[in-house]
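**Q** Next up, model27.cif (mmCIF, C-alpha atoms (C1' of nucleotides)).
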data_start
loop_
_atom_site.label_atom_id
_atom_site.label_comp_id
_atom_site.auth_asym_id
_atom_site.auth_seq_id
_atom_site.Cartn_x
_atom_site.Cartn_y
_atom_site.Cartn_z
CA MET A 6 64.61 -159.27 -182.55
CA ASP A 7 65.21 -156.20 -180.50
CA ALA A 8 61.76 -154.96 -181.26
CA GLY A 9 61.55 -152.99 -178.05
CA ARG A 10 64.76 -151.14 -178.73
CA ASN A 11 64.15 -150.67 -182.41
CA PRO A 12 60.46 -149.95 -182.79
CA HIS A 13 58.81 -149.96 -186.16
CA HIS A 14 57.96 -146.65 -187.75
CA PRO A 15 55.52 -146.90 -190.63
CA ASP A 16 55.81 -144.96 -193.84
CA VAL A 17 53.39 -142.11 -193.28
CA ARG A 18 52.12 -142.33 -196.84
CA ALA A 19 50.92 -145.86 -196.15
CA ILE A 20 48.79 -144.86 -193.20
CA ASP A 21 45.06 -144.60 -193.56
CA LEU A 22 42.93 -141.86 -192.11
CA GLN A 23 41.03 -144.32 -189.96
CA ARG A 24 44.06 -145.19 -187.89
CA VAL A 25 45.05 -141.55 -187.56
CA LEU A 26 41.63 -140.56 -186.27
CA GLU A 27 41.61 -143.45 -183.83
CA ALA A 28 44.90 -142.09 -182.52
CA LEU A 29 43.67 -138.51 -182.33
CA VAL A 30 40.38 -139.26 -180.60
CA ASP A 31 41.98 -139.99 -177.24
CA PRO A 32 42.54 -136.86 -175.12
CA VAL A 33 45.65 -138.27 -173.46
CA ARG A 34 47.24 -138.78 -176.86
CA ARG A 35 46.27 -135.30 -178.01
CA SER A 36 47.87 -133.99 -174.85
CA ILE A 37 51.09 -135.79 -175.76
CA LEU A 38 51.02 -134.20 -179.20
CA ALA A 39 50.28 -130.77 -177.78
CA GLN A 40 53.14 -130.98 -175.31
CA LEU A 41 55.47 -132.08 -178.09
CA SER A 42 54.25 -129.27 -180.29
CA ASP A 43 54.89 -126.69 -177.59
CA ALA A 44 58.29 -127.98 -176.55
CA PRO A 45 61.49 -126.74 -178.17
CA ALA A 46 62.98 -130.22 -178.16
CA ASP A 47 62.08 -133.89 -178.07
CA ILE A 48 60.68 -135.24 -174.81
CA ALA A 49 61.33 -138.50 -173.00
CA CYS A 50 58.34 -140.64 -172.11
CA GLY A 51 58.77 -139.74 -168.46
CA GLY A 52 58.95 -136.05 -169.25
CA PHE A 53 55.29 -135.65 -170.08
CA ASP A 54 52.59 -134.50 -167.75
CA LEU A 55 50.06 -137.31 -168.07
CA PRO A 56 47.23 -138.51 -165.83
CA VAL A 57 47.86 -142.21 -166.43
CA SER A 58 50.21 -144.95 -165.27
CA LYS A 59 53.46 -145.75 -167.00
CA SER A 60 52.11 -148.85 -168.69
CA THR A 61 49.15 -146.93 -170.04
CA ALA A 62 51.45 -144.20 -171.28
CA THR A 63 53.51 -146.81 -173.10
CA HIS A 64 50.32 -147.93 -174.83
CA HIS A 65 49.51 -144.38 -175.95
CA PHE A 66 53.01 -143.80 -177.30
CA ARG A 67 52.78 -146.97 -179.33
CA VAL A 68 49.44 -145.95 -180.83
CA LEU A 69 50.83 -142.58 -181.81
CA ARG A 70 53.94 -144.14 -183.31
CA GLU A 71 51.97 -146.70 -185.33
CA ALA A 72 49.73 -143.92 -186.59
CA GLY A 73 52.80 -142.14 -187.95
CA LEU A 74 52.44 -139.15 -185.65
CA ILE A 75 55.61 -139.51 -183.60
CA ARG A 76 59.07 -141.01 -183.89
CA GLN A 77 60.69 -142.78 -180.96
CA TYR A 78 64.37 -143.40 -180.34
CA TYR A 79 66.49 -144.30 -177.37
CA ALA A 80 68.93 -142.07 -175.56
CA GLY A 81 70.42 -144.20 -172.83
CA THR A 82 67.57 -145.57 -170.79
CA SER A 83 65.23 -142.82 -171.88
CA ARG A 84 62.97 -143.19 -174.87
CA MET A 85 62.69 -139.91 -176.67
CA ASN A 86 59.65 -138.79 -178.61
CA ALA A 87 59.60 -136.47 -181.61
CA LEU A 88 56.80 -135.17 -183.77
CA ARG A 89 56.76 -136.32 -187.40
CA ARG A 90 55.08 -133.08 -188.22
CA ASP A 91 56.32 -132.31 -191.72
CA GLU A 92 55.88 -135.84 -192.99
CA PHE A 93 52.42 -135.99 -191.51
CA GLU A 94 51.46 -132.61 -192.90
CA ALA A 95 52.40 -133.76 -196.38
CA VAL A 96 49.96 -136.66 -196.24
CA PHE A 97 47.17 -135.15 -194.16
CA PRO A 98 47.40 -131.41 -194.75
CA GLY A 99 45.83 -129.27 -192.08
CA LEU A 100 44.79 -132.16 -189.90
CA PHE A 101 47.36 -131.77 -187.16
CA ASP A 102 46.73 -128.09 -186.69
CA ALA A 103 42.98 -128.46 -186.93
CA VAL A 104 42.97 -131.03 -184.17
CA VAL A 105 45.89 -130.43 -181.86
CA ILE A 106 46.33 -126.70 -182.10
CA ALA A 107 42.61 -125.94 -182.20
CA GLY A 108 42.10 -128.27 -179.28
CA ARG A 109 44.45 -126.47 -176.93
CA VAL A 110 42.59 -125.49 -173.76
CA PRO A 111 38.97 -126.55 -174.22
CA GLN A 112 38.24 -123.44 -172.21
CA GLY A 113 36.46 -121.10 -174.64
CA MET B 29 7.70 -133.70 -175.77
CA ASP B 30 7.79 -134.08 -179.47
CA ALA B 31 11.45 -134.79 -179.18
CA GLY B 32 11.50 -137.07 -182.16
CA ARG B 33 9.94 -134.51 -184.42
CA ASN B 34 11.84 -131.55 -183.07
CA PRO B 35 15.32 -132.78 -182.36
CA HIS B 36 17.78 -130.67 -180.46
CA HIS B 37 20.52 -128.90 -182.37
CA PRO B 38 23.34 -127.64 -180.19
CA ASP B 39 25.03 -124.30 -180.63
CA VAL B 40 28.16 -125.23 -182.52
CA ARG B 41 30.24 -122.81 -180.46
CA ALA B 42 29.37 -124.79 -177.36
CA ILE B 43 30.66 -128.07 -178.73
CA ASP B 44 33.99 -129.41 -177.61
CA LEU B 45 36.55 -130.99 -179.87
CA GLN B 46 36.30 -134.28 -178.04
CA ARG B 47 32.71 -134.85 -179.09
CA VAL B 48 33.47 -133.83 -182.67
CA LEU B 49 36.34 -136.28 -182.95
CA GLU B 50 34.24 -139.07 -181.46
CA ALA B 51 31.73 -138.36 -184.21
CA LEU B 52 34.35 -138.24 -186.96
CA VAL B 53 36.16 -141.41 -185.97
CA ASP B 54 33.43 -143.73 -187.25
CA PRO B 55 33.73 -144.54 -190.97
CA VAL B 56 29.97 -144.84 -191.44
CA ARG B 57 29.51 -141.33 -190.11
CA ARG B 58 32.30 -139.97 -192.29
CA SER B 59 30.59 -141.61 -195.24
CA ILE B 60 27.39 -139.76 -194.37
CA LEU B 61 29.28 -136.49 -194.28
CA ALA B 62 31.04 -137.22 -197.56
CA GLN B 63 27.80 -138.06 -199.32
CA LEU B 64 26.25 -134.88 -197.99
CA SER B 65 29.25 -132.89 -199.08
CA ASP B 66 29.07 -134.30 -202.59
CA ALA B 67 25.33 -133.90 -203.03
CA PRO B 68 23.80 -130.73 -204.45
CA ALA B 69 20.94 -130.86 -201.96
CA ASP B 70 19.94 -132.22 -198.57
CA ILE B 71 19.42 -135.97 -198.30
CA ALA B 72 16.78 -137.97 -196.49
CA CYS B 73 17.97 -140.64 -194.05
CA GLY B 74 16.87 -143.33 -196.46
CA GLY B 75 18.70 -141.71 -199.35
CA PHE B 76 22.17 -142.62 -198.17
CA ASP B 77 24.18 -145.61 -199.24
CA LEU B 78 25.05 -147.16 -195.89
CA PRO B 79 26.12 -150.67 -194.86
CA VAL B 80 24.05 -150.74 -191.67
CA SER B 81 20.47 -151.26 -190.58
CA LYS B 82 17.96 -148.46 -190.25
CA SER B 83 18.15 -148.37 -186.48
CA THR B 84 21.93 -148.15 -186.59
CA ALA B 85 21.72 -145.39 -189.16
CA THR B 86 19.39 -143.47 -186.86
CA HIS B 87 22.04 -143.75 -184.17
CA HIS B 88 24.74 -142.35 -186.45
CA PHE B 89 22.57 -139.43 -187.52
CA ARG B 90 21.94 -138.55 -183.90
CA VAL B 91 25.63 -138.60 -183.08
CA LEU B 92 26.38 -136.31 -186.02
CA ARG B 93 23.58 -133.97 -185.04
CA GLU B 94 24.65 -133.75 -181.40
CA ALA B 95 28.20 -133.05 -182.53
CA GLY B 96 26.94 -130.06 -184.49
CA LEU B 97 27.88 -131.47 -187.86
CA ILE B 98 24.44 -131.84 -189.43
CA ARG B 99 20.99 -130.33 -189.12
CA GLN B 100 17.89 -132.51 -189.34
CA TYR B 101 14.36 -131.46 -190.25
CA TYR B 102 11.25 -133.23 -191.39
CA ALA B 103 9.71 -133.09 -194.82
CA GLY B 104 6.61 -135.24 -194.62
CA THR B 105 7.65 -138.62 -193.36
CA SER B 106 11.21 -138.14 -194.50
CA ARG B 107 13.86 -136.72 -192.23
CA MET B 108 16.19 -134.55 -194.22
CA ASN B 109 19.85 -134.06 -193.38
CA ALA B 110 21.91 -130.97 -194.11
CA LEU B 111 25.54 -130.12 -193.42
CA ARG B 112 26.20 -127.31 -190.95
CA ARG B 113 29.35 -126.63 -192.83
CA ASP B 114 29.80 -122.88 -192.46
CA GLU B 115 28.94 -122.83 -188.78
CA PHE B 116 31.25 -125.73 -188.16
CA GLU B 117 34.05 -124.19 -190.17
CA ALA B 118 33.85 -121.04 -188.08
CA VAL B 119 34.47 -122.99 -184.88
CA PHE B 120 36.83 -125.72 -186.12
CA PRO B 121 38.55 -124.21 -189.14
CA GLY B 122 39.97 -126.71 -191.56
CA LEU B 123 38.81 -129.74 -189.65
CA PHE B 124 35.98 -130.81 -191.91
CA ASP B 125 38.06 -130.63 -195.06
CA ALA B 126 41.06 -132.26 -193.44
CA VAL B 127 38.99 -135.23 -192.36
CA VAL B 128 36.12 -135.72 -194.78
CA ILE B 129 37.57 -134.44 -198.01
CA ALA B 130 41.00 -135.92 -197.42
CA GLY B 131 39.38 -139.19 -196.48
CA ARG B 132 37.56 -139.63 -199.74
CA VAL B 133 38.53 -142.94 -201.35
CA PRO B 134 41.51 -144.30 -199.40
CA GLN B 135 42.64 -145.60 -202.77
CA GLY B 136 45.79 -143.59 -203.53
"C1'" DA C 9 -10.46 -145.37 -192.38
"C1'" DC C 10 -6.64 -148.29 -193.68
"C1'" DG C 11 -2.27 -149.59 -194.94
"C1'" DA C 12 2.28 -148.64 -196.40
"C1'" DA C 13 6.46 -145.92 -195.88
"C1'" DA C 14 9.98 -143.63 -193.06
"C1'" DG C 15 12.23 -143.30 -188.96
"C1'" DT C 16 12.69 -143.71 -183.89
"C1'" DA C 17 13.03 -146.05 -179.33
"C1'" DC C 18 14.36 -149.84 -176.69
"C1'" DG C 19 16.88 -153.61 -175.06
"C1'" DA C 20 20.39 -156.89 -175.80
"C1'" DC C 21 24.73 -158.52 -177.33
"C1'" DG C 22 29.69 -158.62 -178.65
"C1'" DA C 23 33.96 -156.45 -179.56
"C1'" DC C 24 37.23 -153.26 -178.77
"C1'" DG C 25 39.97 -149.91 -176.13
"C1'" DG C 26 41.73 -147.58 -171.95
"C1'" DT C 27 43.19 -148.70 -167.54
"C1'" DC C 28 46.12 -150.74 -163.96
"C1'" DA C 29 49.40 -153.78 -161.27
"C1'" DA C 30 53.02 -156.90 -161.38
"C1'" DA C 31 56.96 -158.94 -163.42
"C1'" DC C 32 60.61 -158.27 -166.57
"C1'" DT C 33 64.60 -155.97 -169.42
"C1'" DT C 34 67.96 -152.79 -170.36
"C1'" DT C 35 71.02 -149.14 -169.30
"C1'" DG C 36 73.79 -146.15 -166.39
"C1'" DA C 37 75.94 -145.07 -162.02
"C1'" DT C 38 78.23 -146.37 -157.73
"C1'" DA D 16 78.83 -156.60 -159.20
"C1'" DT D 17 74.90 -154.20 -157.62
"C1'" DC D 18 71.31 -151.22 -157.62
"C1'" DA D 19 68.27 -147.77 -159.24
"C1'" DA D 20 65.93 -145.59 -163.14
"C1'" DA D 21 63.16 -145.91 -167.30
"C1'" DG D 22 60.08 -148.34 -170.06
"C1'" DT D 23 57.91 -152.54 -171.80
"C1'" DT D 24 55.08 -156.67 -171.64
"C1'" DT D 25 51.51 -159.37 -170.11
"C1'" DG D 26 47.12 -160.39 -168.37
"C1'" DA D 27 42.98 -158.96 -166.48
"C1'" DC D 28 39.03 -155.90 -165.81
"C1'" DC D 29 35.43 -152.91 -167.23
"C1'" DG D 30 33.01 -149.39 -169.59
"C1'" DT D 31 31.65 -147.72 -173.95
"C1'" DC D 32 30.19 -148.08 -178.63
"C1'" DG D 33 28.45 -150.13 -182.90
"C1'" DT D 34 25.23 -153.41 -184.20
"C1'" DC D 35 20.76 -155.62 -184.79
"C1'" DG D 36 15.70 -157.01 -184.42
"C1'" DT D 37 11.39 -155.77 -182.79
"C1'" DA D 38 7.87 -152.78 -181.58
"C1'" DC D 39 6.14 -148.25 -181.98
"C1'" DT D 40 4.88 -143.47 -184.03
"C1'" DT D 41 3.88 -140.39 -187.53
"C1'" DT D 42 2.60 -139.09 -192.09
"C1'" DC D 43 0.97 -139.71 -196.77
"C1'" DG D 44 -1.87 -141.89 -200.32
"C1'" DT D 45 -5.84 -144.37 -201.65
#
Give the structure from this file in structure tokens form.
**A**
Amino acid sequence: MDAGRNPHHPDVRAIDLQRVLEALVDPVRRSILAQLSDAPADIACGGFDLPVSKSTATHHFRVLREAGLIRQYYAGTSRMNALRRDEFEAVFPGLFDAVVIAGRVPQG
Amino acid sequence: MDAGRNPHHPDVRAIDLQRVLEALVDPVRRSILAQLSDAPADIACGGFDLPVSKSTATHHFRVLREAGLIRQYYAGTSRMNALRRDEFEAVFPGLFDAVVIAGRVPQG
DNA sequence: ACGAAAGTACGACGACGGTCAAACTTTGAT
DNA sequence: ATCAAAGTTTGACCGTCGTCGTACTTTCGT
């Protein structure tokens, strides 16, 4: 099974809050979401500004995907990342903004 | 230092999102917040329905207090717990409802 | 004064999660 | 065909966190 090339994306309605919060609690993952939220288009894994190694970044992308927060698809050798913002908003209203937007620049 | 009897309550404006999310990610702590949110009055530590020992519960109350989510004060030998809802809402708008209210009964 | 009730403090323990390096796979370009 | 680029997978390491039991402190009632 080409699991790596065709990653599983859960139905957002089937996701529990626990998993979402576990995804949101990591600052690297929130940074990924913030960068996606700010960008005008989807971003490849290598296009993020992250303070971790590639293998660690892969781990974070998987957590976000399995929490229903992002969608991943291939474009050539690059794996693109997109926010599932509307779907997520429908199931957890206000949560994304309250966490990611409010958390931009911890500088008061 | 009567630290036990006069616990420290941080200024909510000085609290960073990271600490808040670390507090909210634990289901026992969210249960505490939900029970407080449902109750018409403050609740003593022993008045909660929690699946953990007393010493563990003490730990969870401290985490919630240091994250600015609850206020604790003594009434005799009982330690009462109150939500700091308005203060918290002013600093992290929408976050409490998005997490605690939305998380009530994962049963669809 | 004594004892019970309500929490807290202190270690200790176990599990889980973030981290990395190294080896591997797949795709695109030369 | 070959090689480089982009990610993934695997395995290991380590710190942190939730958990508990025990001992301790404080207060209230008798």
**Q** Please find the residues of chain C near chain B - the criterion being any atom within 9 Å, counting only C-alpha atoms (C1' of nucleotides) - and write them as an MDAnalysis selection string.
**A** chainID C and resid 13:16
**Q** Pick out the closest residue to chain B from this set: A:Leu22, A:Val17, A:Ala44, A:Ala87. Count only C-alpha atoms.
**A**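 Checking each candidate against chain B, we get A:Leu22 as the closest.
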**Q** The PyMOL selection byres ((chain C and resi 19-33) around 7) - which residues does that actually catch in the file I just gave you? List them as a list in words.
**A**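 Selection result, ordered by chain and number: Thr61 of chain A; DC18 and DT34 of chain C.
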**Q** With the file shown as input, list the residues that the PyMOL selection byres ((chain B) within 6 of (chain A)) selects, as an MDAnalysis selection string.
**A** chainID B and resid 49 53 122:123 126
**Q** When you get a sec, could you note down which chain D residues fall within 12 Å of chain B, using all atoms listed in the file, as a list in words?
**A**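 For chain D, the answer reads DT31, DC32, DG33, DT34, DC35, DG36, DT37, DT40, DT41, DT42 and DC43 of chain D.
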**Q** I'd like the interatomic distance between CA of Arg93 (chain B) and CA of Arg57 (chain B), to a tenth of an Å.
**A**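 A separation of 10.7 Å between them.
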**Q** Would you compute the distance between CA of Asp43 (chain A) and CA of Glu71 (chain A)? Give it in Å to one decimal.
**A**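 Separating CA of Asp43 (chain A) from CA of Glu71 (chain A) is a distance of 21.7 Å.
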**Q** Quick one: apply the PyMOL selection byres ((chain D and resi 18) around 9) to the file and drop the selected residues here as an NGL selection string.
**A** (:C and (37-38)) or (:D and (17 or 19))
**Q** Write the residues of the preceding selection, restricted to C-alpha atoms (C1' of nucleotides), as a tab-separated table (two decimals), keeping the file's coordinate frame.
**A**
chain	number	residue	atom	x	y	z
C	37	DA	C1'	75.94	-145.07	-162.02
C	38	DT	C1'	78.23	-146.37	-157.73
D	17	DT	C1'	74.90	-154.20	-157.62
D	19	DA	C1'	68.27	-147.77	-159.24
**Q** What is the CA of Ile98 (chain B)-CA of Arg112 (chain B) distance in Å, reported with one decimal?
**A**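 The value is 5.1 Å.
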**Q** Can you tell me, as JSON, the centre and edge lengths (Å, one decimal) of the axis-aligned box enclosing all of region 105-124 of chain B's listed atoms after padding each side by 3 Å?
**A**
{"center_x": 23.8, "center_y": -129.8, "center_z": -189.7, "size_x": 38.3, "size_y": 23.6, "size_z": 15.6}
**Q** Could you extract region 64-96 of chain B of the given structure into a file holding N, CA, C and O atoms, as a PDB file, in the first residue's frame?
**A**
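Final output, saved to selection.pdb:
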ATOM      1  N   LEU B  64     -16.871  23.088  37.130  1.00  0.00           N
ATOM      2  CA  LEU B  64     -16.972  24.446  37.678  1.00  0.00           C
ATOM      3  C   LEU B  64     -17.908  25.301  36.838  1.00  0.00           C
ATOM      4  O   LEU B  64     -18.701  26.098  37.362  1.00  0.00           O
ATOM      5  N   SER B  65     -17.812  25.121  35.538  1.00  0.00           N
ATOM      6  CA  SER B  65     -18.633  25.930  34.640  1.00  0.00           C
ATOM      7  C   SER B  65     -20.105  25.590  34.774  1.00  0.00           C
ATOM      8  O   SER B  65     -20.974  26.456  34.628  1.00  0.00           O
ATOM      9  N   ASP B  66     -20.401  24.360  35.086  1.00  0.00           N
ATOM     10  CA  ASP B  66     -21.793  23.929  35.230  1.00  0.00           C
ATOM     11  C   ASP B  66     -22.377  24.287  36.589  1.00  0.00           C
ATOM     12  O   ASP B  66     -23.596  24.439  36.720  1.00  0.00           O
ATOM     13  N   ALA B  67     -21.528  24.376  37.593  1.00  0.00           N
ATOM     14  CA  ALA B  67     -22.025  24.563  38.954  1.00  0.00           C
ATOM     15  C   ALA B  67     -22.462  26.007  39.190  1.00  0.00           C
ATOM     16  O   ALA B  67     -21.894  26.933  38.610  1.00  0.00           O
ATOM     17  N   PRO B  68     -23.444  26.190  40.050  1.00  0.00           N
ATOM     18  CA  PRO B  68     -23.906  27.542  40.362  1.00  0.00           C
ATOM     19  C   PRO B  68     -22.991  28.257  41.358  1.00  0.00           C
ATOM     20  O   PRO B  68     -23.108  29.465  41.532  1.00  0.00           O
ATOM     21  N   ALA B  69     -22.097  27.510  42.001  1.00  0.00           N
ATOM     22  CA  ALA B  69     -21.235  28.121  43.007  1.00  0.00           C
ATOM     23  C   ALA B  69     -19.850  27.484  42.959  1.00  0.00           C
ATOM     24  O   ALA B  69     -19.638  26.497  42.246  1.00  0.00           O
ATOM     25  N   ASP B  70     -18.934  28.051  43.726  1.00  0.00           N
ATOM     26  CA  ASP B  70     -17.588  27.493  43.802  1.00  0.00           C
ATOM     27  C   ASP B  70     -17.640  26.092  44.405  1.00  0.00           C
ATOM     28  O   ASP B  70     -18.570  25.736  45.118  1.00  0.00           O
ATOM     29  N   ILE B  71     -16.610  25.305  44.134  1.00  0.00           N
ATOM     30  CA  ILE B  71     -16.587  23.913  44.568  1.00  0.00           C
ATOM     31  C   ILE B  71     -15.303  23.637  45.329  1.00  0.00           C
ATOM     32  O   ILE B  71     -14.221  24.051  44.904  1.00  0.00           O
ATOM     33  N   ALA B  72     -15.431  22.936  46.437  1.00  0.00           N
ATOM     34  CA  ALA B  72     -14.245  22.514  47.183  1.00  0.00           C
ATOM     35  C   ALA B  72     -13.521  21.413  46.422  1.00  0.00           C
ATOM     36  O   ALA B  72     -14.124  20.700  45.616  1.00  0.00           O
ATOM     37  N   CYS B  73     -12.235  21.254  46.680  1.00  0.00           N
ATOM     38  CA  CYS B  73     -11.442  20.242  45.985  1.00  0.00           C
ATOM     39  C   CYS B  73     -12.091  18.867  46.095  1.00  0.00           C
ATOM     40  O   CYS B  73     -12.154  18.109  45.126  1.00  0.00           O
ATOM     41  N   GLY B  74     -12.592  18.559  47.279  1.00  0.00           N
ATOM     42  CA  GLY B  74     -13.211  17.264  47.479  1.00  0.00           C
ATOM     43  C   GLY B  74     -14.581  17.115  46.859  1.00  0.00           C
ATOM     44  O   GLY B  74     -15.149  16.023  46.857  1.00  0.00           O
ATOM     45  N   GLY B  75     -15.121  18.194  46.336  1.00  0.00           N
ATOM     46  CA  GLY B  75     -16.476  18.166  45.787  1.00  0.00           C
ATOM     47  C   GLY B  75     -16.556  17.786  44.331  1.00  0.00           C
ATOM     48  O   GLY B  75     -17.645  17.676  43.774  1.00  0.00           O
ATOM     49  N   PHE B  76     -15.404  17.545  43.724  1.00  0.00           N
ATOM     50  CA  PHE B  76     -15.396  17.184  42.312  1.00  0.00           C
ATOM     51  C   PHE B  76     -15.493  15.681  42.143  1.00  0.00           C
ATOM     52  O   PHE B  76     -15.093  14.908  43.021  1.00  0.00           O
ATOM     53  N   ASP B  77     -16.010  15.301  41.001  1.00  0.00           N
ATOM     54  CA  ASP B  77     -16.031  13.891  40.618  1.00  0.00           C
ATOM     55  C   ASP B  77     -14.818  13.631  39.721  1.00  0.00           C
ATOM     56  O   ASP B  77     -14.855  13.952  38.528  1.00  0.00           O
ATOM     57  N   LEU B  78     -13.773  13.080  40.321  1.00  0.00           N
ATOM     58  CA  LEU B  78     -12.521  12.905  39.586  1.00  0.00           C
ATOM     59  C   LEU B  78     -12.006  11.477  39.736  1.00  0.00           C
ATOM     60  O   LEU B  78     -12.148  10.870  40.792  1.00  0.00           O
ATOM     61  N   PRO B  79     -11.398  10.952  38.672  1.00  0.00           N
ATOM     62  CA  PRO B  79     -10.930   9.557  38.684  1.00  0.00           C
ATOM     63  C   PRO B  79      -9.506   9.406  39.194  1.00  0.00           C
ATOM     64  O   PRO B  79      -8.836   8.443  38.823  1.00  0.00           O
ATOM     65  N   VAL B  80      -9.030  10.322  40.001  1.00  0.00           N
ATOM     66  CA  VAL B  80      -7.644  10.252  40.475  1.00  0.00           C
ATOM     67  C   VAL B  80      -7.584  10.414  41.985  1.00  0.00           C
ATOM     68  O   VAL B  80      -8.557  10.813  42.631  1.00  0.00           O
ATOM     69  N   SER B  81      -6.417  10.137  42.531  1.00  0.00           N
ATOM     70  CA  SER B  81      -6.221  10.251  43.971  1.00  0.00           C
ATOM     71  C   SER B  81      -6.206  11.724  44.393  1.00  0.00           C
ATOM     72  O   SER B  81      -6.102  12.625  43.573  1.00  0.00           O
ATOM     73  N   LYS B  82      -6.244  11.901  45.727  1.00  0.00           N
ATOM     74  CA  LYS B  82      -6.244  13.276  46.229  1.00  0.00           C
ATOM     75  C   LYS B  82      -4.966  14.014  45.873  1.00  0.00           C
ATOM     76  O   LYS B  82      -5.008  15.191  45.489  1.00  0.00           O
ATOM     77  N   SER B  83      -3.843  13.340  45.986  1.00  0.00           N
ATOM     78  CA  SER B  83      -2.580  14.031  45.708  1.00  0.00           C
ATOM     79  C   SER B  83      -2.488  14.409  44.233  1.00  0.00           C
ATOM     80  O   SER B  83      -1.978  15.481  43.892  1.00  0.00           O
ATOM     81  N   THR B  84      -2.987  13.548  43.378  1.00  0.00           N
ATOM     82  CA  THR B  84      -2.999  13.892  41.955  1.00  0.00           C
ATOM     83  C   THR B  84      -3.937  15.054  41.690  1.00  0.00           C
ATOM     84  O   THR B  84      -3.627  15.956  40.902  1.00  0.00           O
ATOM     85  N   ALA B  85      -5.078  15.048  42.350  1.00  0.00           N
ATOM     86  CA  ALA B  85      -6.025  16.153  42.179  1.00  0.00           C
ATOM     87  C   ALA B  85      -5.380  17.473  42.594  1.00  0.00           C
ATOM     88  O   ALA B  85      -5.517  18.486  41.896  1.00  0.00           O
ATOM     89  N   THR B  86      -4.669  17.450  43.714  1.00  0.00           N
ATOM     90  CA  THR B  86      -3.960  18.656  44.156  1.00  0.00           C
ATOM     91  C   THR B  86      -3.050  19.175  43.048  1.00  0.00           C
ATOM     92  O   THR B  86      -2.991  20.380  42.775  1.00  0.00           O
ATOM     93  N   HIS B  87      -2.353  18.260  42.413  1.00  0.00           N
ATOM     94  CA  HIS B  87      -1.461  18.635  41.311  1.00  0.00           C
ATOM     95  C   HIS B  87      -2.232  19.339  40.193  1.00  0.00           C
ATOM     96  O   HIS B  87      -1.816  20.397  39.698  1.00  0.00           O
ATOM     97  N   HIS B  88      -3.371  18.774  39.818  1.00  0.00           N
ATOM     98  CA  HIS B  88      -4.154  19.361  38.724  1.00  0.00           C
ATOM     99  C   HIS B  88      -4.681  20.743  39.093  1.00  0.00           C
ATOM    100  O   HIS B  88      -4.700  21.653  38.262  1.00  0.00           O
ATOM    101  N   PHE B  89      -5.112  20.900  40.337  1.00  0.00           N
ATOM    102  CA  PHE B  89      -5.595  22.217  40.757  1.00  0.00           C
ATOM    103  C   PHE B  89      -4.481  23.251  40.689  1.00  0.00           C
ATOM    104  O   PHE B  89      -4.701  24.393  40.278  1.00  0.00           O
ATOM    105  N   ARG B  90      -3.285  22.841  41.067  1.00  0.00           N
ATOM    106  CA  ARG B  90      -2.172  23.792  41.009  1.00  0.00           C
ATOM    107  C   ARG B  90      -1.878  24.201  39.568  1.00  0.00           C
ATOM    108  O   ARG B  90      -1.658  25.387  39.274  1.00  0.00           O
ATOM    109  N   VAL B  91      -1.891  23.233  38.671  1.00  0.00           N
ATOM    110  CA  VAL B  91      -1.622  23.563  37.273  1.00  0.00           C
ATOM    111  C   VAL B  91      -2.662  24.553  36.748  1.00  0.00           C
ATOM    112  O   VAL B  91      -2.326  25.541  36.079  1.00  0.00           O
ATOM    113  N   LEU B  92      -3.920  24.303  37.070  1.00  0.00           N
ATOM    114  CA  LEU B  92      -4.984  25.206  36.616  1.00  0.00           C
ATOM    115  C   LEU B  92      -4.822  26.594  37.231  1.00  0.00           C
ATOM    116  O   LEU B  92      -5.047  27.607  36.564  1.00  0.00           O
ATOM    117  N   ARG B  93      -4.434  26.627  38.492  1.00  0.00           N
ATOM    118  CA  ARG B  93      -4.268  27.924  39.146  1.00  0.00           C
ATOM    119  C   ARG B  93      -3.114  28.700  38.523  1.00  0.00           C
ATOM    120  O   ARG B  93      -3.240  29.880  38.215  1.00  0.00           O
ATOM    121  N   GLU B  94      -2.000  28.021  38.299  1.00  0.00           N
ATOM    122  CA  GLU B  94      -0.824  28.703  37.749  1.00  0.00           C
ATOM    123  C   GLU B  94      -1.016  29.072  36.284  1.00  0.00           C
ATOM    124  O   GLU B  94      -0.260  29.891  35.751  1.00  0.00           O
ATOM    125  N   ALA B  95      -1.996  28.486  35.649  1.00  0.00           N
ATOM    126  CA  ALA B  95      -2.312  28.873  34.273  1.00  0.00           C
ATOM    127  C   ALA B  95      -3.347  29.993  34.242  1.00  0.00           C
ATOM    128  O   ALA B  95      -3.769  30.435  33.172  1.00  0.00           O
ATOM    129  N   GLY B  96      -3.764  30.444  35.411  1.00  0.00           N
ATOM    130  CA  GLY B  96      -4.703  31.562  35.470  1.00  0.00           C
ATOM    131  C   GLY B  96      -6.148  31.184  35.221  1.00  0.00           C
ATOM    132  O   GLY B  96      -6.983  32.049  34.986  1.00  0.00           O
TER     133      GLY B  96
END
